[in-house]
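Engineer: Below you'll find the structure I mean.
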Amino acid sequence: MEKDNSKKLSNPQVTIDIIKKYDFAFQKRFGQNFLIDGRVIDKIIAAAEITKEDTVLEIGPGIGTMTQYLAEAAGQVIAVEIDKNLLPIYEETLADYDNVTIINNDILKVDIHELIKGKAQKVKVVANLPYYITTPIIMGLFENHIPAESITVMVQKEVADRMQSGPGSKDYGALSLAVQYYAKPYIVANVPPNCFMPRPNVGSAVIRLTSWEEPPVAVKDEKLMFKLIRASFNQRRKTLQNGINNSPDLSFSKEQVVNALREMGLSESVRGEALSLEQFARLSDLLIEQK
Ligand code: SAM
């Protein structure tokens, strides 16, 4: 039987009615652009491959639009929302779902390990992210080693492109390398502004990041590699050697950097954007040896 989604918040009129009824004022500072297109939500749920075996961590449920779909597909949903003005709305929009827990907190401050502790089920992160903190949220999930099988999120189109691009592309940078060290990115769909209320002034995309069981490259000191990556891209038009030697976080001499590059068969004027993840790992290992 076809599911009747017409009463769900993905129906724009249902969202408008709720917003009016609760006199809800959209907060720009929280990046509030609510989804009003059920087909987009279906695509997100399908891409995340959610089953009743899963615990879903949703970041920023808004009025609960995607949460309604997640609750139907998953075993349980834990949703973290910063805006306390949304809390009374859930009493109505999520009343039919007994497998949803709402946590009123800042996702950047909450202890996610604590939230998902004891969940025998598999954890998947699914969200229409607040765009102003996309990078800190994603990096926080990875760097804190949150045991999530996958992260399926709506982000700004430009950020999705950066996450999945490789050396030589104009979008390639520290975010691409960090994401690809932890996960395999795949852009699921592009989403135009008219799928949201209010409309954002940028295009969006859904990206799925599937966590690697083992990182795709071996590196002796992960932290050092990421410091090198950040230093190399901090000053895009400079050479990688300059970037590393000018970084306050690193203390290698010019000679050490040039030696390592030579050992790798790279010119001392090479730029960070030319190096692959494997090459950054090798550079990091060579620099440790020279210490
Ligand atoms: N999931 C809803 C949807 O798709 O309609 C809303 C998505 S909206 C783009 C982003 C949501 O994240 C908003 O509800 C916003 O209040 C919430 N948010 C913003 N900053 C947050 C933070 N630091 N921690 C938790 N939630 C946050």
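Residues are referred to by chain and number: the chain letter is A, B, ... according to the order shown in the structure tokens, the number counts from 1 in that chain, and ligands are numbered separately from 1 in the order shown.
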Excluding range 4-8 of chain A and any residue of its chain fewer than 2 positions from it, enumerate the residues within 10 Å of it, using only C-alpha atoms, and give them as a list in words.
Structural biologist: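 Using only C-alpha atoms, the neighbours found are Met1, Glu2, Ser10, Asn11, Pro12, Gln13, Val14, Thr15, Ile36, Gly38, Gly64, Thr65, Met66, Gln68, Tyr69 and Thr93 of chain A.
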Engineer: What residues have any atom no more than 9 Å from ligand 1 when counting only C-alpha atoms and all ligand atoms, and can you list them as number ranges by chain?
Structural biologist: A: 9-10, 26-36, 41, 58-67, 79-84, 86, 103-110, 127-133, 137, 154-155, 196-197
Engineer: Quick check, in Å to one decimal: how far apart do CA of Asp42 in chain A and CA of Ala189 in chain A lie?
Structural biologist: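 Result for CA of Asp42 in chain A versus CA of Ala189 in chain A: 11.4 Å, one decimal.
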Engineer: Would you compute the distance between CA of Pro215 in chain A and CA of Ala183 in chain A? Give it in Å to one decimal.
Structural biologist: 8.0 Å
Engineer: Can you pull out the residues contacting Leu240 in chain A? Cut-off 6 Å, using only C-alpha atoms, and skip same-chain residues under 2 positions away; I want them as a list in words.
Structural biologist: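 Everything that qualifies: Ser232, Asn242, Gly243, Arg271 and Gly272 of chain A.
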Engineer: At what distance in Å, to one decimal, does CA of Ala48 in chain A lie from CA of Val125 in chain A?
Structural biologist: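 Computing it gives 8.4 Å between the two atoms.
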Engineer: Counting only C-alpha atoms, which of A:Lys291, A:Lys122, A:His113, A:Arg162 gets nearest to Thr135 in chain A?
Structural biologist: A:Arg162
Engineer: Which residues, written as a PyMOL selection string, have at least one atom at most 12 Å from Glu114 in chain A, with only C-alpha atoms counted and residues fewer than 3 positions away on the same chain left out?
Structural biologist: chain A and resi 78+109-111+117-119+146-147
Engineer: I want to know what sits within 9 Å of range 266-268 of chain A, based on only C-alpha atoms, with residues of the same chain fewer than 3 positions away left out; could you give that as JSON, numbers by chain?
Structural biologist: {"A": [239, 240, 241, 257, 258, 259, 260, 261, 262, 263, 271]}
Engineer: List the spatial neighbours of Leu209 in chain A as a PyMOL selection string - criterion: any atom at most 8 Å away, only C-alpha atoms, same-chain residues fewer than 5 positions off excluded.
Structural biologist: chain A and resi 150-152+179+183-186
Engineer: Looking at only C-alpha atoms, which of A:Ser276, A:Asn194, A:Ser247, A:Gln290 is the one that sits closest to Leu177 in chain A?
Structural biologist: A:Ser276
Engineer: Considering only C-alpha atoms, can you say which of A:Ser284, A:Gln180, A:Ser253, A:Asn85 comes closest to Tyr22 in chain A?
Structural biologist: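 Closest to Tyr22 in chain A of all the choices is A:Asn85.
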Engineer: With only C-alpha atoms as the basis for distance, which of A:Asp161, A:Ile89, A:Ile44, A:Gln256 is at the shortest distance from Phe24 in chain A?
Structural biologist: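 When distances to Phe24 in chain A are compared using only C-alpha atoms, the smallest one comes from A:Ile89.
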Engineer: Could you give me, as a PyMOL selection string, each residue of range 16-172 of chain A that DSSP assigns to alpha helix (DSSP H) when run on this structure's backbone?
Structural biologist: chain A and resi 16-21+38-48+65-73+87-93+112-116+134-143+157-164
Engineer: Would you mind telling me which residue in A:Ser169, A:Asn245, A:Asn234, A:Thr210 lies nearest to Glu273 in chain A when using only C-alpha atoms?
Structural biologist: A:Ser169
Engineer: Tell me which of A:Gln156, A:Gln235, A:Ser165, A:Thr51 sits closest to Gly203 in chain A, counting only C-alpha atoms.
Structural biologist: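 Residue with the minimum atom-to-atom distance to Gly203 in chain A: A:Gln156.
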Engineer: Contacts of Asp171 in chain A at 10 Å or less, counting only C-alpha atoms, minus same-chain residues fewer than 2 places along, as an NGL selection string?
Structural biologist: :A and (158-169 or 173-176 or 273)
Engineer: May I have the residues from that selection written out with N, CA, C and O atoms, as a PDB file, in the first residue's frame?
Structural biologist:
```pdb
ATOM      1  N   GLU A 158      28.490  23.535  -2.999  1.00  0.00           N
ATOM      2  CA  GLU A 158      29.925  23.824  -3.115  1.00  0.00           C
ATOM      3  C   GLU A 158      30.742  23.004  -2.103  1.00  0.00           C
ATOM      4  O   GLU A 158      31.854  22.543  -2.400  1.00  0.00           O
ATOM      5  N   VAL A 159      30.180  22.788  -0.922  1.00  0.00           N
ATOM      6  CA  VAL A 159      30.884  22.029   0.110  1.00  0.00           C
ATOM      7  C   VAL A 159      30.901  20.533  -0.264  1.00  0.00           C
ATOM      8  O   VAL A 159      31.909  19.847  -0.096  1.00  0.00           O
ATOM      9  N   ALA A 160      29.787  20.051  -0.828  1.00  0.00           N
ATOM     10  CA  ALA A 160      29.736  18.649  -1.280  1.00  0.00           C
ATOM     11  C   ALA A 160      30.816  18.424  -2.341  1.00  0.00           C
ATOM     12  O   ALA A 160      31.534  17.423  -2.330  1.00  0.00           O
ATOM     13  N   ASP A 161      30.967  19.394  -3.269  1.00  0.00           N
ATOM     14  CA  ASP A 161      31.986  19.270  -4.314  1.00  0.00           C
ATOM     15  C   ASP A 161      33.385  19.216  -3.699  1.00  0.00           C
ATOM     16  O   ASP A 161      34.234  18.446  -4.125  1.00  0.00           O
ATOM     17  N   ARG A 162      33.585  20.060  -2.669  1.00  0.00           N
ATOM     18  CA  ARG A 162      34.905  20.071  -2.028  1.00  0.00           C
ATOM     19  C   ARG A 162      35.195  18.746  -1.352  1.00  0.00           C
ATOM     20  O   ARG A 162      36.314  18.250  -1.366  1.00  0.00           O
ATOM     21  N   MET A 163      34.156  18.160  -0.755  1.00  0.00           N
ATOM     22  CA  MET A 163      34.375  16.901  -0.028  1.00  0.00           C
ATOM     23  C   MET A 163      34.810  15.775  -0.956  1.00  0.00           C
ATOM     24  O   MET A 163      35.565  14.908  -0.562  1.00  0.00           O
ATOM     25  N   GLN A 164      34.302  15.794  -2.195  1.00  0.00           N
ATOM     26  CA  GLN A 164      34.622  14.623  -3.029  1.00  0.00           C
ATOM     27  C   GLN A 164      35.656  14.892  -4.123  1.00  0.00           C
ATOM     28  O   GLN A 164      35.920  14.026  -4.938  1.00  0.00           O
ATOM     29  N   SER A 165      36.290  16.084  -4.121  1.00  0.00           N
ATOM     30  CA  SER A 165      37.237  16.336  -5.216  1.00  0.00           C
ATOM     31  C   SER A 165      38.657  15.873  -4.878  1.00  0.00           C
ATOM     32  O   SER A 165      39.016  15.677  -3.715  1.00  0.00           O
ATOM     33  N   GLY A 166      39.435  15.697  -5.944  1.00  0.00           N
ATOM     34  CA  GLY A 166      40.793  15.172  -5.800  1.00  0.00           C
ATOM     35  C   GLY A 166      41.831  16.178  -6.257  1.00  0.00           C
ATOM     36  O   GLY A 166      41.494  17.291  -6.681  1.00  0.00           O
ATOM     37  N   PRO A 167      43.129  15.802  -6.163  1.00  0.00           N
ATOM     38  CA  PRO A 167      44.227  16.711  -6.507  1.00  0.00           C
ATOM     39  C   PRO A 167      44.030  17.324  -7.892  1.00  0.00           C
ATOM     40  O   PRO A 167      43.554  16.661  -8.814  1.00  0.00           O
ATOM     41  N   GLY A 168      44.409  18.592  -8.023  1.00  0.00           N
ATOM     42  CA  GLY A 168      44.330  19.241  -9.325  1.00  0.00           C
ATOM     43  C   GLY A 168      43.027  19.987  -9.525  1.00  0.00           C
ATOM     44  O   GLY A 168      42.945  20.891 -10.349  1.00  0.00           O
ATOM     45  N   SER A 169      42.000  19.651  -8.755  1.00  0.00           N
ATOM     46  CA  SER A 169      40.722  20.343  -8.933  1.00  0.00           C
ATOM     47  C   SER A 169      40.720  21.612  -8.085  1.00  0.00           C
ATOM     48  O   SER A 169      41.346  21.673  -7.028  1.00  0.00           O
ATOM     49  N   GLY A 173      41.005  20.545  -1.258  1.00  0.00           N
ATOM     50  CA  GLY A 173      41.627  21.240  -0.134  1.00  0.00           C
ATOM     51  C   GLY A 173      41.632  20.396   1.118  1.00  0.00           C
ATOM     52  O   GLY A 173      41.419  19.171   1.065  1.00  0.00           O
ATOM     53  N   ALA A 174      41.849  21.057   2.259  1.00  0.00           N
ATOM     54  CA  ALA A 174      41.967  20.341   3.534  1.00  0.00           C
ATOM     55  C   ALA A 174      40.706  19.525   3.836  1.00  0.00           C
ATOM     56  O   ALA A 174      40.799  18.404   4.347  1.00  0.00           O
ATOM     57  N   LEU A 175      39.526  20.071   3.486  1.00  0.00           N
ATOM     58  CA  LEU A 175      38.285  19.336   3.772  1.00  0.00           C
ATOM     59  C   LEU A 175      38.205  18.048   2.940  1.00  0.00           C
ATOM     60  O   LEU A 175      37.821  16.991   3.449  1.00  0.00           O
ATOM     61  N   SER A 176      38.593  18.126   1.652  1.00  0.00           N
ATOM     62  CA  SER A 176      38.568  16.925   0.799  1.00  0.00           C
ATOM     63  C   SER A 176      39.437  15.826   1.414  1.00  0.00           C
ATOM     64  O   SER A 176      39.024  14.660   1.512  1.00  0.00           O
ATOM     65  N   GLU A 273      48.041  21.640  -3.354  1.00  0.00           N
ATOM     66  CA  GLU A 273      46.900  21.133  -4.132  1.00  0.00           C
ATOM     67  C   GLU A 273      47.291  20.036  -5.128  1.00  0.00           C
ATOM     68  O   GLU A 273      46.422  19.393  -5.704  1.00  0.00           O
TER      69      GLU A 273
END
```
